[in-house]
file protein37.cif (mmCIF, C-alpha atoms)
data_query
loop_
_atom_site.label_atom_id
_atom_site.label_comp_id
_atom_site.auth_asym_id
_atom_site.auth_seq_id
_atom_site.Cartn_x
_atom_site.Cartn_y
_atom_site.Cartn_z
CA MET W 36 -7.69 10.09 -22.92
CA PRO W 37 -4.08 9.60 -24.03
CA ARG W 38 -1.45 8.46 -21.57
CA ARG W 39 0.89 11.03 -20.12
CA ARG W 40 4.50 11.08 -21.31
CA ILE W 41 6.88 9.51 -18.82
CA GLY W 42 8.97 12.67 -18.66
CA PHE W 43 12.53 13.57 -17.65
CA TRP W 44 12.23 13.10 -13.89
CA TYR W 45 10.74 9.62 -14.09
CA ARG W 46 13.34 8.53 -16.63
CA PHE W 47 16.06 10.01 -14.41
CA ALA W 48 14.70 8.07 -11.42
CA ALA W 49 14.64 4.90 -13.54
CA VAL W 50 18.29 5.37 -14.54
CA ILE W 51 19.21 5.54 -10.84
CA CYS W 52 16.95 2.82 -9.45
CA LYS W 53 16.72 0.13 -12.13
CA PRO W 54 20.38 -1.07 -12.18
CA PRO W 55 20.51 -2.06 -8.49
CA LEU W 56 17.06 -3.63 -8.71
CA VAL W 57 18.14 -5.71 -11.71
CA VAL W 58 21.24 -6.86 -9.83
CA LEU W 59 19.51 -7.63 -6.53
CA ILE W 60 16.30 -9.37 -7.63
CA LYS W 61 15.08 -11.60 -10.41
CA ARG W 62 11.64 -10.92 -11.88
CA ASP W 63 8.52 -13.01 -12.37
CA TRP W 64 5.98 -10.48 -13.59
CA ARG W 65 2.53 -11.48 -14.84
CA GLY W 66 -0.71 -9.73 -15.68
CA MET W 67 0.68 -6.73 -17.54
CA GLU W 68 -2.15 -7.18 -20.04
CA HIS W 69 -4.56 -6.00 -17.33
CA ILE W 70 -2.85 -2.59 -17.05
CA PRO W 71 -5.04 -0.25 -19.17
CA ALA W 72 -3.31 1.15 -22.23
CA GLU W 73 -5.27 4.41 -22.07
CA GLY W 74 -7.23 6.48 -19.57
CA GLY W 75 -7.09 6.96 -15.85
CA PHE W 76 -7.10 4.05 -13.43
CA ILE W 77 -6.07 2.92 -9.96
CA THR W 78 -3.82 0.08 -8.91
CA ALA W 79 -4.37 -1.36 -5.42
CA VAL W 80 -1.15 -3.00 -4.23
CA ASN W 81 -0.16 -4.95 -1.12
CA HIS W 82 2.73 -3.60 0.94
CA ASN W 83 5.24 -5.85 2.74
CA SER W 84 8.66 -4.18 2.51
CA HIS W 85 10.22 -0.72 2.59
CA ILE W 86 11.69 -1.39 -0.85
CA ASP W 87 8.63 -2.80 -2.58
CA PRO W 88 7.52 0.65 -3.87
CA PHE W 89 10.71 0.71 -5.96
CA ALA W 90 10.32 -2.89 -7.10
CA TYR W 91 6.65 -2.37 -7.95
CA ALA W 92 7.36 0.93 -9.73
CA HIS W 93 9.89 -0.97 -11.87
CA PHE W 94 7.16 -3.44 -12.87
CA GLN W 95 4.69 -0.76 -13.83
CA TYR W 96 7.29 1.46 -15.49
CA ASN W 97 7.88 -1.42 -17.88
CA THR W 98 4.19 -1.42 -18.84
CA GLY W 99 4.51 2.14 -20.13
CA ARG W 100 1.98 3.41 -17.56
CA VAL W 101 4.03 4.86 -14.73
CA PRO W 102 2.45 4.92 -11.27
CA ARG W 103 1.77 8.12 -9.38
CA PHE W 104 2.10 7.27 -5.68
CA LEU W 105 0.36 9.15 -2.90
CA ALA W 106 2.58 10.92 -0.36
CA LYS W 107 2.30 13.49 2.41
CA SER W 108 1.88 16.97 0.96
CA GLY W 109 4.78 18.27 3.06
CA LEU W 110 7.29 16.20 1.07
CA PHE W 111 6.58 18.28 -2.02
CA LYS W 112 8.02 21.41 -0.40
CA LYS W 113 11.49 20.11 0.54
CA GLY W 114 14.36 20.96 -1.82
CA PHE W 115 15.54 18.20 -4.16
CA VAL W 116 13.07 15.69 -2.75
CA GLY W 117 10.20 18.07 -3.42
CA ALA W 118 11.46 18.76 -6.95
CA ALA W 119 11.70 15.03 -7.64
CA MET W 120 8.24 14.36 -6.20
CA ARG W 121 6.70 17.09 -8.33
CA GLY W 122 8.74 16.19 -11.40
CA THR W 123 7.75 12.51 -11.32
CA GLY W 124 4.10 13.47 -10.85
CA GLN W 125 3.59 11.95 -7.42
CA ILE W 126 0.31 12.81 -5.70
CA PRO W 127 0.18 15.00 -2.58
CA VAL W 128 -2.34 13.97 0.08
CA TYR W 129 -3.61 16.90 2.12
CA ARG W 130 -4.25 15.20 5.43
CA GLU W 131 -4.83 18.47 7.22
CA THR W 132 -8.20 18.91 5.53
CA THR W 133 -11.34 17.98 7.46
CA ASP W 134 -13.08 16.86 4.25
CA ALA W 135 -12.12 13.24 3.53
CA LEU W 136 -12.86 13.54 -0.19
CA SER W 137 -10.89 16.78 -0.52
CA ALA W 138 -7.89 15.01 1.01
CA PHE W 139 -7.76 12.94 -2.18
CA ARG W 140 -8.65 15.76 -4.58
CA ALA W 141 -5.25 15.62 -6.29
CA ALA W 142 -5.62 11.85 -6.81
CA ILE W 143 -9.07 12.35 -8.31
CA ASP W 144 -7.71 15.06 -10.61
CA ALA W 145 -4.85 12.78 -11.70
CA VAL W 146 -7.21 9.94 -12.59
CA GLU W 147 -9.47 12.31 -14.50
CA ARG W 148 -6.41 13.50 -16.48
CA GLY W 149 -5.76 9.92 -17.53
CA GLU W 150 -3.07 9.03 -14.99
CA CYS W 151 -2.49 5.87 -12.98
CA VAL W 152 -2.64 6.39 -9.23
CA ALA W 153 -1.06 3.61 -7.17
CA PHE W 154 -2.64 2.99 -3.77
CA TYR W 155 -1.31 0.98 -0.87
CA PRO W 156 -4.75 0.54 0.74
CA GLU W 157 -3.29 -0.93 3.94
CA GLY W 158 -1.67 2.45 4.59
CA THR W 159 1.54 0.90 5.90
CA ILE W 160 3.60 -2.28 5.69
CA THR W 161 1.48 -5.24 6.71
CA ARG W 162 1.63 -6.30 10.34
CA ASP W 163 0.04 -9.64 9.64
CA PRO W 164 2.38 -12.31 11.13
CA ASP W 165 2.44 -14.20 7.82
CA GLN W 166 2.57 -11.04 5.67
CA TRP W 167 -0.89 -11.35 4.17
CA PRO W 168 -2.72 -8.10 3.31
CA MET W 169 -4.41 -6.39 6.25
CA THR W 170 -7.75 -4.63 6.25
CA GLY W 171 -7.63 -1.61 3.97
CA LYS W 172 -8.31 2.09 4.38
CA THR W 173 -11.03 3.64 2.24
CA GLY W 174 -9.01 6.12 0.13
CA ALA W 175 -8.78 3.94 -2.96
CA ALA W 176 -12.51 3.18 -2.81
CA ARG W 177 -13.32 6.89 -2.46
CA VAL W 178 -11.35 7.83 -5.56
CA ALA W 179 -12.61 4.84 -7.53
CA LEU W 180 -16.28 5.53 -6.78
CA GLN W 181 -15.90 9.26 -7.38
CA THR W 182 -14.27 8.74 -10.80
CA LYS W 183 -15.72 5.31 -11.76
CA CYS W 184 -12.26 4.40 -13.01
CA PRO W 185 -10.92 0.82 -13.27
CA VAL W 186 -9.29 -0.58 -10.13
CA ILE W 187 -6.55 -3.10 -10.92
CA PRO W 188 -5.67 -5.42 -8.01
CA VAL W 189 -1.94 -6.13 -7.84
CA ALA W 190 -0.11 -8.52 -5.53
CA GLN W 191 3.64 -8.67 -5.07
CA TRP W 192 5.99 -10.96 -3.18
CA GLY W 193 9.77 -11.14 -3.00
CA ALA W 194 10.94 -7.66 -2.03
CA ASN W 195 9.96 -8.71 1.50
CA GLU W 196 12.39 -11.62 1.27
CA LEU W 197 15.16 -9.23 0.28
CA LEU W 198 14.25 -6.77 3.04
CA PRO W 199 11.70 -8.23 5.50
CA PRO W 200 9.10 -5.94 7.05
CA TYR W 201 10.62 -3.52 9.56
CA ALA W 202 14.06 -5.13 9.16
CA LYS W 203 17.18 -2.96 8.93
CA LYS W 204 19.41 -5.42 7.10
CA ALA W 205 18.83 -6.91 3.64
CA ASN W 206 19.12 -10.63 2.86
CA VAL W 207 20.98 -10.27 -0.41
CA LEU W 208 21.98 -13.91 -0.95
CA PRO W 209 20.66 -16.06 -2.41
CA ARG W 210 19.21 -13.69 -5.01
CA LYS W 211 15.50 -13.22 -4.51
CA THR W 212 12.69 -13.16 -7.09
CA HIS W 213 10.19 -10.32 -7.18
CA ARG W 214 6.83 -11.81 -8.19
CA VAL W 215 4.03 -9.54 -9.36
CA LEU W 216 0.55 -10.56 -10.50
CA ALA W 217 -1.90 -7.94 -11.77
CA GLY W 218 -5.49 -9.04 -12.12
CA PRO W 219 -8.55 -7.90 -14.07
CA PRO W 220 -10.42 -4.80 -12.85
CA VAL W 221 -12.40 -5.18 -9.64
CA ASP W 222 -16.17 -5.07 -10.23
CA LEU W 223 -17.44 -2.12 -8.21
CA ALA W 224 -20.51 -1.41 -10.35
CA ARG W 225 -22.95 -2.16 -7.53
CA PHE W 226 -21.46 0.70 -5.51
CA HIS W 227 -21.77 3.35 -8.23
CA ASP W 228 -24.21 6.27 -7.97
CA LYS W 229 -24.85 5.65 -4.27
CA GLU W 230 -24.17 7.85 -1.29
CA MET W 231 -20.60 7.26 -0.10
CA THR W 232 -21.47 6.33 3.45
CA PRO W 233 -18.82 4.82 5.75
CA GLU W 234 -20.57 1.47 5.42
CA LEU W 235 -20.53 1.55 1.61
CA LEU W 236 -16.88 2.63 1.50
CA LYS W 237 -15.93 -0.12 3.94
CA GLU W 238 -17.69 -2.74 1.83
CA ALA W 239 -16.11 -1.50 -1.41
CA THR W 240 -12.69 -1.51 0.27
CA GLU W 241 -13.21 -5.10 1.42
CA VAL W 242 -14.01 -6.10 -2.17
CA ILE W 243 -10.79 -4.44 -3.39
CA MET W 244 -8.66 -6.03 -0.67
CA ALA W 245 -10.19 -9.45 -1.31
CA ALA W 246 -9.16 -9.17 -4.98
CA VAL W 247 -5.58 -8.21 -4.01
CA THR W 248 -5.45 -11.13 -1.57
CA ARG W 249 -6.62 -13.60 -4.23
CA GLN W 250 -3.77 -12.47 -6.46
CA LEU W 251 -1.31 -13.02 -3.61
CA GLU W 252 -2.77 -16.47 -2.91
CA GLU W 253 -1.99 -17.42 -6.50
CA ILE W 254 1.58 -16.14 -6.21
CA ARG W 255 2.21 -17.92 -2.92
CA GLY W 256 0.25 -21.07 -3.73
CA GLU W 257 -1.57 -21.08 -0.42
CA LYS W 258 -4.74 -19.73 1.17
CA ALA W 259 -4.87 -16.53 3.16
CA PRO W 260 -6.59 -16.40 6.55
CA GLN W 261 -10.37 -16.14 6.27
CA THR W 262 -10.38 -12.93 8.30
CA PRO W 263 -7.80 -10.27 7.39
CA TYR W 264 -5.57 -8.94 10.12
CA ASP W 265 -7.06 -5.72 11.52
CA PRO W 266 -4.48 -3.50 13.28
CA ARG W 267 -7.20 -1.37 14.85
CA GLN W 268 -8.85 -4.42 16.38
CA GLU W 269 -5.45 -5.66 17.54
CA ARG W 270 -4.83 -2.35 19.33
CA ILE W 271 -8.23 -2.63 21.03
CA GLU W 272 -7.45 -6.18 22.12
CA GLN W 273 -4.02 -5.12 23.38
CA ARG W 274 -5.55 -2.35 25.49
CA ARG W 275 -8.13 -4.81 26.82
CA ARG W 276 -5.42 -7.32 27.79
CA THR W 277 -3.34 -4.61 29.44
CA SER W 278 -6.34 -3.32 31.38
CA ALA W 279 -7.26 -6.85 32.49
CA HIS W 280 -3.68 -7.51 33.57
CA ASN W 281 -3.56 -4.28 35.58
CA ARG W 282 -6.81 -5.17 37.35
CA GLN W 283 -5.49 -8.62 38.26
CA THR W 284 -2.13 -7.35 39.54
CA PRO W 285 -2.46 -6.16 43.18
CA ALA W 286 -0.97 -2.80 44.07
CA GLN W 287 2.41 -3.06 45.78
CA PRO W 288 2.28 -1.93 49.44
CA LYS W 289 4.04 1.35 50.13
CA ALA W 290 6.53 -0.26 52.54
CA GLU W 291 7.57 -2.76 49.84
CA GLN W 292 7.94 0.07 47.32
CA GLU W 293 10.28 1.93 49.68
CA GLU W 294 12.25 -1.24 50.45
CA GLY W 295 12.61 -1.93 46.74
CA GLN W 296 13.95 1.58 46.21
CA GLY W 297 16.66 1.06 48.86
CA THR W 298 15.29 3.57 51.41
#
call {"tool": "encode", "arguments": {"input": "protein37.cif", "output": "structure tokens"}}
result
Amino acid sequence: MPRRRIGFWYRFAAVICKPPLVVLIKRDWRGMEHIPAEGGFITAVNHNSHIDPFAYAHFQYNTGRVPRFLAKSGLFKKGFVGAAMRGTGQIPVYRETTDALSAFRAAIDAVERGECVAFYPEGTITRDPDQWPMTGKTGAARVALQTKCPVIPVAQWGANELLPPYAKKANVLPRKTHRVLAGPPVDLARFHDKEMTPELLKEATEVIMAAVTRQLEEIRGEKAPQTPYDPRQERIEQRRRTSAHNRQTPAQPKAEQEEGQGT
């Protein structure tokens, strides 16, 4: 299937966004040969800065296969922002649906039309203390197994040095380098034509995230932790610690409470 034309809105966005990106960050981009020239596919990308979607979009824009990011469906209804989202072909995610596959119907349709859909499988900026990829959500695996399209693992590093995770102030100087490494398609053949159970989707997601992490290891020149950071498990542990602390802390006598309140 032929690639979609980039179109006015995407070119307009590039005119606005590329000049500051070129000024603020240098580029070390590798693996463009792994971006398919034709047909629909998915990129699975790590997420470590509020500005890395723009930096990553710059990388892929230069391959000629522009990414279609997933975003909340409500953003497509709001004035200029909605017009830009629709015009650049971004993908609405209908989270209000109770059918998990239907929530990604637009992404599936885009892939089947020959588009590239860019997934941030972590779902948010990494909370790993050393900024390694976290455990992933299953959306990318769902779309990949439904369409049997290629999944290209992509790692990036450098936008997070310009604007660290959850920071409000950029570190402009010295000028940072945005490093991107795209790898060969992830082999998901063993998951094809099987029932998409939660267990199968979890395993396929782990394979995708492991491929992204290997790309980031090569960029950083160091090994990632053996076990990815799991924010859900961390929340469980935090609740457990809080509960244990509350059990160990004796209740303050009423007289002391009143004295402490100045009565």
call {"tool": "resolve_selection", "arguments": {"input": "protein37.cif", "expression": "the PyMOL selection byres ((chain W and resi 179) around 10)", "output": "list in words"}}
result
Phe76, Ile77, Ala142, Ile143, Val146, Thr173, Gly174, Ala175, Ala176, Arg177, Val178, Leu180, Gln181, Thr182, Lys183, Cys184, Pro185, Val186, Leu223, Phe226, His227 and Ala239 of chain W
call {"tool": "closest_residue", "arguments": {"input": "protein37.cif", "among": "W:Ala90, W:Leu110, W:Leu236, W:Ile160", "to": "Leu59 of chain W", "atoms": "only C-alpha atoms"}}
result
W:Ala90
call {"tool": "atom_distance", "arguments": {"input": "protein37.cif", "atom1": "atom CA of Glu150 of chain W", "atom2": "atom CA of Gly74 of chain W"}}
result
6.7 Å
call {"tool": "closest_residue", "arguments": {"input": "protein37.cif", "among": "W:Val50, W:Ala92, W:Ile126, W:Ala190", "to": "Ser108 of chain W", "atoms": "only C-alpha atoms"}}
result
W:Ile126
call {"tool": "closest_residue", "arguments": {"input": "protein37.cif", "among": "W:Leu105, W:Gly149, W:Val207, W:Leu197", "to": "Val128 of chain W", "atoms": "all atoms listed in the file"}}
result
W:Leu105
call {"tool": "atom_distance", "arguments": {"input": "protein37.cif", "atom1": "atom CA of Arg210 of chain W", "atom2": "atom CA of Val189 of chain W"}}
result
22.6 Å
call {"tool": "atom_distance", "arguments": {"input": "protein37.cif", "atom1": "atom CA of Pro102 of chain W", "atom2": "atom CA of Phe154 of chain W"}}
result
9.3 Å
call {"tool": "resolve_selection", "arguments": {"input": "protein37.cif", "expression": "the PyMOL selection byres ((chain W and resi 93-98) around 8)", "output": "PDB file with C-alpha atoms, keeping the file's coordinate frame"}}
result
ATOM      1  CA  ALA W  49      14.640   4.900 -13.540  1.00  0.00           C
ATOM      2  CA  LYS W  53      16.720   0.130 -12.130  1.00  0.00           C
ATOM      3  CA  TRP W  64       5.980 -10.480 -13.590  1.00  0.00           C
ATOM      4  CA  MET W  67       0.680  -6.730 -17.540  1.00  0.00           C
ATOM      5  CA  ILE W  70      -2.850  -2.590 -17.050  1.00  0.00           C
ATOM      6  CA  PHE W  89      10.710   0.710  -5.960  1.00  0.00           C
ATOM      7  CA  ALA W  90      10.320  -2.890  -7.100  1.00  0.00           C
ATOM      8  CA  TYR W  91       6.650  -2.370  -7.950  1.00  0.00           C
ATOM      9  CA  ALA W  92       7.360   0.930  -9.730  1.00  0.00           C
ATOM     10  CA  GLY W  99       4.510   2.140 -20.130  1.00  0.00           C
ATOM     11  CA  ARG W 100       1.980   3.410 -17.560  1.00  0.00           C
ATOM     12  CA  VAL W 101       4.030   4.860 -14.730  1.00  0.00           C
ATOM     13  CA  PRO W 102       2.450   4.920 -11.270  1.00  0.00           C
ATOM     14  CA  VAL W 215       4.030  -9.540  -9.360  1.00  0.00           C
TER      15      VAL W 215
END
call {"tool": "closest_residue", "arguments": {"input": "protein37.cif", "among": "W:Thr277, W:Thr248, W:Thr123, W:Gln261", "to": "Ala48 of chain W", "atoms": "all atoms listed in the file"}}
result
W:Thr123
call {"tool": "closest_residue", "arguments": {"input": "protein37.cif", "among": "W:Gly122, W:Gly193, W:Pro71, W:Pro55", "to": "Gly42 of chain W", "atoms": "all atoms listed in the file"}}
result
W:Gly122
call {"tool": "resolve_selection", "arguments": {"input": "protein37.cif", "expression": "the PyMOL selection byres ((chain W and resi 111) around 12)", "output": "list in words"}}
result
Leu105, Ala106, Lys107, Ser108, Gly109, Leu110, Lys112, Lys113, Gly114, Phe115, Val116, Gly117, Ala118, Ala119, Met120, Arg121, Gly122, Thr123, Gly124, Gln125, Ile126, Pro127, Val128 and Tyr129 of chain W
call {"tool": "write_last_selection", "arguments": {"input": "protein37.cif", "atoms": "C-alpha atoms", "output": "PDB file, keeping the file's coordinate frame"}}
result
ATOM      1  CA  LEU W 105       0.360   9.150  -2.900  1.00  0.00           C
ATOM      2  CA  ALA W 106       2.580  10.920  -0.360  1.00  0.00           C
ATOM      3  CA  LYS W 107       2.300  13.490   2.410  1.00  0.00           C
ATOM      4  CA  SER W 108       1.880  16.970   0.960  1.00  0.00           C
ATOM      5  CA  GLY W 109       4.780  18.270   3.060  1.00  0.00           C
ATOM      6  CA  LEU W 110       7.290  16.200   1.070  1.00  0.00           C
ATOM      7  CA  LYS W 112       8.020  21.410  -0.400  1.00  0.00           C
ATOM      8  CA  LYS W 113      11.490  20.110   0.540  1.00  0.00           C
ATOM      9  CA  GLY W 114      14.360  20.960  -1.820  1.00  0.00           C
ATOM     10  CA  PHE W 115      15.540  18.200  -4.160  1.00  0.00           C
ATOM     11  CA  VAL W 116      13.070  15.690  -2.750  1.00  0.00           C
ATOM     12  CA  GLY W 117      10.200  18.070  -3.420  1.00  0.00           C
ATOM     13  CA  ALA W 118      11.460  18.760  -6.950  1.00  0.00           C
ATOM     14  CA  ALA W 119      11.700  15.030  -7.640  1.00  0.00           C
ATOM     15  CA  MET W 120       8.240  14.360  -6.200  1.00  0.00           C
ATOM     16  CA  ARG W 121       6.700  17.090  -8.330  1.00  0.00           C
ATOM     17  CA  GLY W 122       8.740  16.190 -11.400  1.00  0.00           C
ATOM     18  CA  THR W 123       7.750  12.510 -11.320  1.00  0.00           C
ATOM     19  CA  GLY W 124       4.100  13.470 -10.850  1.00  0.00           C
ATOM     20  CA  GLN W 125       3.590  11.950  -7.420  1.00  0.00           C
ATOM     21  CA  ILE W 126       0.310  12.810  -5.700  1.00  0.00           C
ATOM     22  CA  PRO W 127       0.180  15.000  -2.580  1.00  0.00           C
ATOM     23  CA  VAL W 128      -2.340  13.970   0.080  1.00  0.00           C
ATOM     24  CA  TYR W 129      -3.610  16.900   2.120  1.00  0.00           C
TER      25      TYR W 129
END
call {"tool": "closest_residue", "arguments": {"input": "protein37.cif", "among": "W:His213, W:Lys229, W:Lys258, W:Arg267", "to": "Val58 of chain W", "atoms": "all atoms listed in the file"}}
result
W:His213
call {"tool": "residues_around", "arguments": {"input": "protein37.cif", "residues": "Pro200 of chain W", "least_positions_apart": "2", "cutoff": "6 Å", "atoms": "all atoms listed in the file", "output": "list of chain:residue names"}}
result
W:Asn83, W:Ser84, W:Ala202
call {"tool": "residues_around", "arguments": {"input": "protein37.cif", "residues": "Gln166 of chain W", "least_positions_apart": "2", "cutoff": "9 Å", "atoms": "all atoms listed in the file", "output": "short mmCIF file (atom, residue, chain, number, x, y, z; two decimals) with C-alpha atoms, in the coordinates of the input"}}
result
data_model
loop_
_atom_site.label_atom_id
_atom_site.label_comp_id
_atom_site.auth_asym_id
_atom_site.auth_seq_id
_atom_site.Cartn_x
_atom_site.Cartn_y
_atom_site.Cartn_z
CA HIS W 82 2.73 -3.60 0.94
CA ASN W 83 5.24 -5.85 2.74
CA ILE W 160 3.60 -2.28 5.69
CA THR W 161 1.48 -5.24 6.71
CA ARG W 162 1.63 -6.30 10.34
CA ASP W 163 0.04 -9.64 9.64
CA PRO W 164 2.38 -12.31 11.13
CA PRO W 168 -2.72 -8.10 3.31
CA MET W 169 -4.41 -6.39 6.25
CA ASN W 195 9.96 -8.71 1.50
CA PRO W 200 9.10 -5.94 7.05
#
